[in-house]
file upload.cif (mmCIF, C-alpha atoms)
data_model
loop_
_atom_site.label_atom_id
_atom_site.label_comp_id
_atom_site.auth_asym_id
_atom_site.auth_seq_id
_atom_site.Cartn_x
_atom_site.Cartn_y
_atom_site.Cartn_z
CA MET A 17 0.00 0.00 0.00
CA ARG A 18 2.89 2.38 0.88
CA ILE A 19 4.51 1.65 -2.51
CA THR A 20 1.24 2.41 -4.29
CA LEU A 21 0.89 5.73 -2.43
CA LEU A 22 4.54 6.61 -3.21
CA LEU A 23 4.02 5.94 -6.91
CA LEU A 24 0.80 7.96 -6.84
CA ALA A 25 2.68 10.87 -5.21
CA ILE A 26 5.39 10.71 -7.89
CA LEU A 27 2.77 10.71 -10.65
CA ILE A 28 1.02 13.72 -9.11
CA PHE A 29 4.00 15.86 -8.14
CA ALA A 30 6.42 15.13 -11.01
CA PRO A 31 4.31 16.99 -13.62
CA LEU A 32 3.89 19.86 -11.15
CA ALA A 33 7.67 20.09 -10.67
CA ILE A 34 8.28 20.01 -14.43
CA GLY A 35 5.66 22.69 -14.95
CA GLN A 36 7.23 24.82 -12.21
CA GLU A 37 10.69 24.45 -13.80
CA LYS A 38 9.30 25.43 -17.19
CA ALA A 39 7.60 28.52 -15.75
CA GLU A 40 10.79 29.47 -13.91
CA GLY A 41 12.88 29.09 -17.08
CA ALA A 42 10.44 31.16 -19.10
CA LYS A 43 10.56 33.90 -16.46
CA VAL A 44 14.37 34.05 -16.47
CA TYR A 45 14.46 34.02 -20.27
CA LYS A 46 11.91 36.82 -20.62
CA GLN A 47 13.78 38.92 -18.06
CA ALA A 48 17.26 38.48 -19.58
CA VAL A 49 16.87 38.06 -23.34
CA PRO A 50 16.43 41.77 -24.19
CA ALA A 51 20.03 42.29 -23.00
CA VAL A 52 21.51 39.31 -24.87
CA LEU A 53 23.31 40.19 -28.10
CA TRP A 54 24.42 38.56 -31.34
CA ILE A 55 28.02 39.61 -32.07
CA HIS A 56 29.73 39.85 -35.48
CA SER A 57 33.53 40.03 -35.45
CA LYS A 58 35.67 40.07 -38.61
CA HIS A 59 38.74 37.85 -38.35
CA ASP A 60 41.50 37.16 -40.85
CA ARG A 61 39.67 34.06 -42.05
CA GLY A 62 36.24 35.67 -42.32
CA LEU A 63 33.29 36.58 -40.13
CA ALA A 64 33.00 35.05 -36.68
CA THR A 65 29.76 35.22 -34.72
CA GLY A 66 29.13 34.83 -31.03
CA SER A 67 26.99 36.01 -28.15
CA GLY A 68 27.24 38.64 -25.44
CA SER A 69 25.46 40.33 -22.55
CA LEU A 70 24.80 43.99 -21.79
CA ILE A 71 26.04 44.28 -18.20
CA ASP A 72 26.14 48.08 -17.79
CA LYS A 73 23.56 50.21 -19.59
CA ASP A 74 24.83 53.64 -18.48
CA ARG A 75 28.39 52.88 -19.61
CA ARG A 76 27.20 50.75 -22.56
CA LEU A 77 29.39 47.75 -21.65
CA VAL A 78 28.96 44.34 -23.24
CA LEU A 79 30.57 41.14 -21.95
CA THR A 80 31.70 38.30 -24.22
CA ASN A 81 34.63 35.91 -24.76
CA TYR A 82 38.08 36.93 -25.92
CA HIS A 83 37.96 34.16 -28.51
CA VAL A 84 34.86 35.79 -30.07
CA VAL A 85 36.62 39.11 -30.72
CA GLN A 86 40.31 37.97 -30.69
CA GLU A 87 42.50 40.84 -31.95
CA ASN A 88 39.68 42.66 -33.72
CA PRO A 89 39.39 46.19 -32.23
CA THR A 90 35.78 46.71 -33.35
CA VAL A 91 32.66 44.58 -33.70
CA ARG A 92 28.99 44.85 -34.61
CA VAL A 93 26.27 43.73 -32.21
CA PHE A 94 22.56 43.09 -32.61
CA PHE A 95 19.95 43.45 -29.89
CA PRO A 96 16.84 41.31 -30.30
CA VAL A 97 13.91 42.95 -32.06
CA PHE A 98 10.59 42.09 -30.44
CA ARG A 99 7.30 41.25 -32.11
CA ASP A 100 4.20 40.40 -30.06
CA GLY A 101 6.28 40.28 -26.88
CA ALA A 102 8.84 37.76 -28.14
CA PRO A 103 12.21 38.24 -29.84
CA ILE A 104 12.28 37.67 -33.59
CA ALA A 105 14.46 34.57 -33.77
CA GLU A 106 15.14 34.19 -37.51
CA LYS A 107 18.77 35.09 -38.32
CA SER A 108 17.73 36.14 -41.80
CA TYR A 109 15.67 39.01 -40.33
CA TYR A 110 18.79 40.59 -38.84
CA VAL A 111 21.08 39.82 -41.79
CA ASP A 112 18.61 41.42 -44.20
CA ARG A 113 18.58 44.57 -42.04
CA LEU A 114 22.24 44.56 -41.07
CA ASN A 115 22.94 48.25 -41.62
CA ARG A 116 19.76 49.32 -39.84
CA LEU A 117 20.05 47.08 -36.81
CA ALA A 118 23.77 46.61 -36.19
CA VAL A 119 25.35 48.69 -33.43
CA HIS A 120 29.08 49.37 -33.56
CA GLY A 121 31.27 48.51 -30.63
CA LYS A 122 34.90 48.96 -29.57
CA VAL A 123 36.80 46.30 -27.65
CA ILE A 124 38.21 48.12 -24.62
CA ALA A 125 39.58 45.29 -22.47
CA VAL A 126 40.41 41.60 -22.78
CA ASP A 127 41.57 38.82 -20.50
CA LYS A 128 43.21 36.36 -22.88
CA ILE A 129 43.90 33.87 -20.10
CA ALA A 130 40.35 33.76 -18.70
CA ASP A 131 38.86 34.13 -22.22
CA LEU A 132 36.85 37.29 -21.52
CA ALA A 133 36.38 40.62 -23.31
CA ILE A 134 34.56 43.91 -22.65
CA ILE A 135 33.08 45.90 -25.52
CA ARG A 136 31.76 49.45 -25.36
CA ILE A 137 28.93 49.91 -27.85
CA ASP A 138 27.74 53.14 -29.44
CA SER A 139 24.13 52.97 -28.29
CA VAL A 140 21.57 50.94 -26.35
CA PRO A 141 17.79 50.56 -26.60
CA GLU A 142 15.96 52.98 -24.33
CA LYS A 143 13.65 50.58 -22.50
CA LEU A 144 16.10 47.87 -21.48
CA GLU A 145 17.70 46.66 -18.27
CA ALA A 146 21.24 45.32 -18.17
CA ILE A 147 21.89 41.85 -16.77
CA ALA A 148 23.08 42.12 -13.17
CA LEU A 149 26.10 40.17 -11.96
CA ALA A 150 25.47 37.61 -9.25
CA PRO A 151 27.16 38.37 -5.90
CA VAL A 152 28.64 34.86 -5.58
CA SER A 153 29.45 31.79 -7.65
CA PRO A 154 26.85 28.99 -7.90
CA ASP A 155 27.00 25.67 -6.08
CA PRO A 156 26.83 22.14 -7.52
CA GLY A 157 23.19 21.19 -8.00
CA ASP A 158 22.00 24.74 -8.67
CA SER A 159 19.69 25.25 -11.62
CA VAL A 160 21.14 27.39 -14.41
CA HIS A 161 19.89 28.97 -17.61
CA SER A 162 21.88 29.94 -20.70
CA ILE A 163 20.97 32.00 -23.77
CA GLY A 164 22.99 32.10 -26.98
CA ASN A 165 23.18 32.14 -30.74
CA ALA A 166 24.24 28.72 -32.00
CA GLY A 167 26.05 29.08 -35.32
CA LYS A 168 24.54 25.97 -36.91
CA SER A 169 21.00 27.05 -36.06
CA GLY A 170 18.88 29.33 -38.19
CA ALA A 171 17.54 30.88 -34.98
CA LEU A 172 18.96 33.35 -32.50
CA PHE A 173 18.48 33.82 -28.75
CA GLY A 174 18.04 30.14 -27.97
CA TYR A 175 17.46 28.96 -24.38
CA VAL A 176 18.87 25.94 -22.52
CA ARG A 177 18.27 24.85 -18.94
CA GLY A 178 20.80 22.86 -16.92
CA THR A 179 22.34 22.01 -13.56
CA VAL A 180 25.73 22.88 -12.14
CA ARG A 181 28.01 19.84 -11.97
CA GLN A 182 30.98 21.56 -10.31
CA VAL A 183 32.79 24.88 -9.82
CA TYR A 184 36.60 24.67 -9.93
CA ASN A 185 39.87 26.06 -11.32
CA LYS A 186 40.77 24.75 -14.75
CA ALA A 187 43.54 25.09 -17.33
CA TRP A 188 42.79 24.12 -20.92
CA GLN A 189 43.62 24.94 -24.50
CA ALA A 190 41.53 25.54 -27.59
CA GLU A 191 42.22 25.94 -31.29
CA LEU A 192 40.82 29.35 -32.23
CA GLU A 193 41.85 29.03 -35.87
CA PRO A 194 44.02 26.56 -37.81
CA ARG A 195 47.49 26.61 -36.22
CA LYS A 196 46.37 29.16 -33.62
CA VAL A 197 46.02 27.52 -30.20
CA ALA A 198 45.12 29.54 -27.11
CA GLN A 199 45.94 28.61 -23.52
CA PHE A 200 43.22 29.38 -20.98
CA LYS A 201 43.14 29.25 -17.19
CA ALA A 202 40.23 30.37 -15.03
CA LYS A 203 37.69 29.52 -12.38
CA VAL A 204 34.91 27.80 -14.30
CA ILE A 205 31.42 26.43 -13.88
CA GLU A 206 30.79 23.00 -15.35
CA THR A 207 27.18 22.14 -16.21
CA ASP A 208 25.18 19.43 -17.94
CA SER A 209 23.60 21.97 -20.34
CA PRO A 210 24.68 21.65 -23.99
CA THR A 211 26.37 24.53 -25.81
CA ASN A 212 27.34 25.03 -29.45
CA PRO A 213 29.79 27.24 -31.38
CA GLY A 214 28.12 30.66 -31.58
CA ASP A 215 26.79 30.42 -28.03
CA SER A 216 30.23 31.54 -26.83
CA GLY A 217 30.13 34.75 -24.82
CA GLY A 218 26.48 34.41 -23.87
CA PRO A 219 25.22 34.54 -20.27
CA LEU A 220 24.80 31.73 -17.79
CA LEU A 221 22.09 32.82 -15.35
CA ASN A 222 20.80 31.74 -11.96
CA ASP A 223 17.11 31.51 -11.04
CA LYS A 224 17.07 35.24 -10.26
CA GLY A 225 18.24 36.10 -13.79
CA GLN A 226 21.66 37.21 -12.53
CA LEU A 227 24.79 36.44 -14.53
CA ILE A 228 26.89 33.76 -12.86
CA GLY A 229 29.05 32.81 -15.84
CA VAL A 230 29.97 33.30 -19.49
CA THR A 231 29.57 30.51 -22.03
CA GLN A 232 33.00 29.21 -23.06
CA GLY A 233 32.32 25.93 -24.80
CA GLY A 234 31.33 22.29 -24.65
CA ALA A 235 33.60 19.32 -24.13
CA ILE A 236 34.26 17.62 -27.48
CA ASN A 237 34.67 14.09 -26.14
CA ALA A 238 32.07 14.17 -23.37
CA ASN A 239 28.30 14.21 -23.27
CA SER A 240 26.44 16.94 -21.38
CA VAL A 241 29.56 18.70 -20.13
CA SER A 242 29.87 22.42 -20.84
CA THR A 243 32.23 25.04 -19.46
CA PHE A 244 31.38 28.59 -18.40
CA VAL A 245 33.82 31.22 -17.09
CA ASP A 246 32.81 32.06 -13.53
CA VAL A 247 31.44 35.49 -12.57
CA SER A 248 34.42 36.08 -10.25
CA GLN A 249 36.66 36.28 -13.33
CA VAL A 250 34.30 38.84 -14.88
CA LYS A 251 34.58 41.06 -11.80
CA LYS A 252 38.37 40.98 -12.03
CA LEU A 253 38.25 42.19 -15.65
CA LEU A 254 35.80 44.97 -14.76
CA ASP A 255 38.32 46.21 -12.21
CA VAL A 256 41.09 46.96 -14.75
CA ARG A 257 41.85 50.60 -15.50
CA ALA A 258 40.62 50.56 -19.12
CA VAL A 259 37.14 49.61 -17.90
CA LYS A 260 37.05 51.64 -14.69
CA GLU A 261 37.89 54.82 -16.62
CA VAL A 262 34.78 54.51 -18.81
CA LYS A 263 32.33 57.10 -17.58
CA ALA A 264 28.58 56.76 -17.53
CA ASP A 265 26.67 59.01 -19.91
CA GLU A 266 24.31 61.51 -18.34
CA LYS A 267 21.85 60.35 -20.92
CA PRO A 268 22.79 57.08 -22.64
CA ALA A 269 22.66 57.30 -26.43
CA ALA A 270 19.66 55.51 -27.86
CA ILE A 271 19.62 53.40 -30.98
CA VAL A 272 18.30 55.49 -33.83
CA LYS A 273 15.61 53.69 -35.73
CA ARG A 274 14.35 55.38 -38.83
CA GLU A 275 10.61 55.15 -39.25
CA GLN A 276 10.62 56.84 -42.65
CA ALA A 277 12.49 56.49 -45.91
CA LEU A 278 15.32 58.80 -46.83
CA THR A 279 14.75 61.47 -49.47
CA VAL A 280 16.84 62.67 -52.39
CA LYS A 281 19.38 65.28 -51.23
CA ASP A 282 20.12 67.30 -54.37
CA GLY A 283 22.74 69.81 -53.26
CA ALA A 284 23.98 70.21 -56.84
CA LYS A 285 20.47 71.17 -58.07
CA LEU A 286 20.61 68.61 -60.86
CA PHE A 287 16.97 67.52 -60.76
CA SER A 288 13.63 69.29 -60.97
CA ALA A 289 11.29 69.37 -57.97
CA GLU A 290 8.82 67.18 -59.86
CA ALA A 291 11.45 64.52 -60.57
CA ILE A 292 12.58 64.47 -56.95
CA LYS A 293 9.00 64.19 -55.69
CA ALA A 294 8.35 61.22 -57.98
CA ALA A 295 11.61 59.55 -56.94
CA ASP A 296 10.89 60.06 -53.23
CA ALA A 297 7.49 58.40 -53.64
CA VAL A 298 9.10 55.26 -55.09
CA ILE A 299 11.87 55.31 -52.46
CA ALA A 300 9.17 55.35 -49.76
CA GLU A 301 7.59 52.24 -51.28
CA LEU A 302 10.96 50.50 -51.43
CA PHE A 303 11.52 51.34 -47.76
CA LYS A 304 8.37 49.38 -46.90
CA LYS A 305 10.08 46.39 -48.55
CA ASP A 306 13.15 46.81 -46.31
CA THR A 307 15.28 48.37 -49.04
CA ASP A 308 16.73 51.86 -48.67
CA VAL A 309 17.88 54.25 -51.37
CA ILE A 310 20.22 57.10 -50.44
CA LEU A 311 20.92 59.57 -53.25
CA VAL A 312 23.09 62.62 -52.60
CA THR A 313 24.49 65.19 -55.03
CA PHE A 314 27.18 67.82 -54.38
CA PRO A 315 28.04 70.92 -56.42
CA VAL A 316 31.58 70.68 -54.99
CA ALA A 317 33.21 67.77 -53.15
CA PRO A 318 32.92 68.26 -49.35
CA THR A 319 36.62 68.40 -48.55
CA GLU A 320 39.17 70.98 -47.46
CA LYS A 321 41.62 69.48 -49.95
CA LEU A 322 39.57 70.19 -53.06
CA ASP A 323 42.52 71.18 -55.26
CA GLU A 324 44.35 67.99 -54.37
CA LEU A 325 41.24 65.89 -55.08
CA ARG A 326 40.87 67.49 -58.50
CA LYS A 327 44.41 66.39 -59.37
CA GLU A 328 43.95 62.85 -58.09
CA THR A 329 43.74 59.81 -60.37
CA PRO A 330 40.25 58.49 -61.16
CA ALA A 331 40.93 55.54 -58.83
CA ASN A 332 41.79 57.82 -55.91
CA ARG A 333 38.77 60.04 -56.52
CA THR A 334 36.61 56.93 -56.55
CA ALA A 335 38.15 55.90 -53.21
CA PHE A 336 37.28 59.32 -51.75
CA PHE A 337 33.63 59.13 -52.79
CA ARG A 338 33.41 55.47 -51.78
CA LYS A 339 34.40 56.38 -48.22
CA LEU A 340 32.08 59.40 -48.27
CA LEU A 341 29.14 57.24 -49.33
CA HIS A 342 29.92 54.40 -46.93
CA ASP A 343 30.17 56.83 -44.00
CA ARG A 344 26.75 58.26 -44.92
CA MET A 345 25.25 54.79 -45.25
CA GLU A 346 26.56 53.76 -41.84
CA ARG A 347 25.43 57.00 -40.19
CA ASP A 348 21.89 56.69 -41.59
CA ARG A 349 21.80 52.89 -41.20
CA VAL A 350 21.16 52.40 -44.89
CA SER A 351 20.24 48.87 -45.86
CA GLY A 352 20.07 49.22 -49.62
CA ILE A 353 21.59 51.22 -52.47
CA GLY A 354 23.73 54.34 -52.19
CA ILE A 355 24.32 56.85 -54.99
CA VAL A 356 26.59 59.90 -54.82
CA ILE A 357 27.01 62.40 -57.67
CA CYS A 358 29.44 65.32 -57.61
CA ASP A 359 29.79 68.14 -60.14
CA ASP A 360 33.30 69.25 -59.11
CA PRO A 361 35.26 67.12 -59.62
CA LYS A 362 32.81 65.20 -61.77
CA SER A 363 32.23 61.87 -60.10
CA LEU A 364 29.56 59.20 -59.83
CA TYR A 365 29.76 56.35 -57.33
CA ILE A 366 27.17 53.66 -56.59
CA ASP A 367 27.26 50.83 -54.07
CA LEU A 368 24.99 48.26 -52.45
CA SER A 369 25.15 47.40 -48.75
CA ALA A 370 26.25 43.82 -48.15
CA ASP A 371 22.85 42.77 -46.81
CA VAL A 372 20.96 43.63 -50.03
CA VAL A 373 23.41 42.44 -52.69
CA LYS A 374 21.58 39.12 -52.87
CA LYS A 375 18.32 40.93 -53.68
CA PHE A 376 19.56 42.25 -57.02
CA PRO A 377 21.14 40.80 -60.20
CA ASP A 378 24.91 40.56 -60.53
CA LYS A 379 26.71 43.83 -61.28
CA PHE A 380 23.45 45.72 -60.81
CA SER A 381 25.25 48.92 -59.79
CA LEU A 382 26.71 49.12 -63.30
CA GLN A 383 23.20 49.25 -64.78
CA ILE A 384 22.31 52.20 -62.55
CA ARG A 385 25.59 53.93 -63.36
CA ASP A 386 25.07 53.55 -67.12
CA ALA A 387 21.54 54.98 -66.91
CA LEU A 388 22.68 58.01 -64.90
CA MET A 389 25.82 58.68 -66.94
CA ALA A 390 23.95 58.59 -70.23
CA SER A 391 21.36 61.09 -69.02
CA LEU A 392 23.94 63.43 -67.47
CA LYS A 393 25.92 63.39 -70.70
CA ASP A 394 22.78 64.26 -72.66
CA LYS A 395 21.95 66.95 -70.08
CA LYS A 396 18.70 65.21 -69.15
CA PRO A 397 19.29 64.42 -65.46
CA ASP A 398 15.57 64.00 -64.69
CA ASP A 399 15.43 61.12 -67.16
CA GLY A 400 18.43 59.51 -65.45
CA LEU A 401 16.91 59.83 -61.98
CA LYS A 402 13.66 58.30 -63.18
CA ALA A 403 15.48 55.47 -64.97
CA ALA A 404 17.70 54.69 -61.97
CA ILE A 405 14.82 54.54 -59.51
CA LYS A 406 12.77 52.42 -61.90
CA LEU A 407 15.67 49.99 -62.32
CA ILE A 408 15.84 49.55 -58.56
CA GLN A 409 12.08 49.11 -58.29
CA ASP A 410 11.88 46.61 -61.16
CA ASN A 411 14.91 44.51 -60.17
CA LEU A 412 14.33 44.19 -56.44
CA GLY A 413 14.16 40.48 -55.63
CA LYS A 414 15.40 39.38 -59.08
CA ALA A 415 18.84 38.17 -58.05
CA LYS A 416 20.08 35.36 -60.26
#

call {"tool": "encode", "arguments": {"input": "upload.cif", "output": "structure tokens"}}
result
Amino acid sequence: MRITLLLLAILIFAPLAIGQEKAEGAKVYKQAVPAVLWIHSKHDRGLATGSGSLIDKDRRLVLTNYHVVQENPTVRVFFPVFRDGAPIAEKSYYVDRLNRLAVHGKVIAVDKIADLAIIRIDSVPEKLEAIALAPVSPDPGDSVHSIGNAGKSGALFGYVRGTVRQVYNKAWQAELEPRKVAQFKAKVIETDSPTNPGDSGGPLLNDKGQLIGVTQGGAINANSVSTFVDVSQVKKLLDVRAVKEVKADEKPAAIVKREQALTVKDGAKLFSAEAIKAADAVIAELFKKDTDVILVTFPVAPTEKLDELRKETPANRTAFFRKLLHDRMERDRVSGIGIVICDDPKSLYIDLSADVVKKFPDKFSLQIRDALMASLKDKKPDDGLKAAIKLIQDNLGKAK
């Protein structure tokens, strides 16, 4: 009879415990995920992606692994965008809006031995709370929660629940790139929660949603064994001069999100008001399809070294206007096509942001250039503007 009652108790209370754990995990995830980031870092062998945590909103500090950033002085980070109360998980959403959503960051401190890095980013969302650091390390048996961006998954901001196996000092090595092996040594948290490449740098959280560790990696030859750098190592890095000297902003910069399309900026007065109005109407429609158009004209190149620019080779003049256009596109978070025309010295440069190249046919910028150059040569700039905008409208989504 006692065995029957025991089994009955297990059947009754086990689902309740599972349901309680699920609710607890969902609560921690909802609390922390707005401050979890997807990190892009350009290395010698290409783009590396990882995860990070906003740990100080006023000073705009992001925590990640050293092996995510390595020697790269700057990175791009993405905060989750929310829809109906949940983060949009599809990676493609962020890649397709890279220039609009990416926030630039500067690596200000690293601990190559403990595999940690601190990044200061340019801006943070207004309504967001940073992830607080836990006062102490966890104990074996404690429940833990991790959030990250697995590289092999098509989704971001994934959640995993686990249990602490042990907290101890460890020395290990890892191959960051072919023939580049790093030696690490730190106090670590070992858990039974699985991690994947791309999760690196993400937060390990306790039941209060406090950061107790930083995802480092999973054991290759062991099942359900993952390593996280302990919060005590994070506190040591935050105490170095390069981090302590970072001052809090009186009013933290907010991420600028454009709600409207850009308009033609015709400083050179090449086009009629009617032509610009018609072009702006089409540009507004393209904006609704997540494709920007930035078109700027100058009567004279905006530089204090105008005489030198006039004497430059065509290649060097192109380099000048390329940088000018790219700076504008980054400033205005342009995810689309940029066009710059200058009357003195006569120049025309067109480029597509990396995230929209796949939306258009190969060498599409040459088609726009030819249409504009022909009209400018014939002294019919309005026709060229109309043709260029129509080419963009008609070829959007027709990549071969």

call {"tool": "closest_residue", "arguments": {"input": "upload.cif", "among": "A:Leu302, A:Ala297, A:Asp360, A:Asp371", "to": "Thr319 in chain A", "atoms": "all atoms listed in the file"}}
result
A:Asp360

call {"tool": "resolve_selection", "arguments": {"input": "upload.cif", "expression": "the PyMOL selection byres ((chain A and resi 112) around 12)", "output": "PyMOL selection string"}}
result
chain A and resi 106-111+113-118+305-308+350-352+369-375

call {"tool": "resolve_selection", "arguments": {"input": "upload.cif", "expression": "the PyMOL selection byres ((chain A and resi 223) around 7)", "output": "list in words"}}
result
Val44, Ser159, Val160, Leu221, Asn222, Lys224 and Gly225 of chain A

call {"tool": "closest_residue", "arguments": {"input": "upload.cif", "among": "A:Thr334, A:Arg92, A:Arg349, A:Ala202", "to": "Lys252 in chain A", "atoms": "all atoms listed in the file"}}
result
A:Ala202

call {"tool": "resolve_selection", "arguments": {"input": "upload.cif", "expression": "the PyMOL selection byres ((chain A and resi 75-84) around 7)", "output": "PyMOL selection string"}}
result
chain A and resi 57+64-74+85-86+126-128+131-137+139-140+192+216-218+262-265
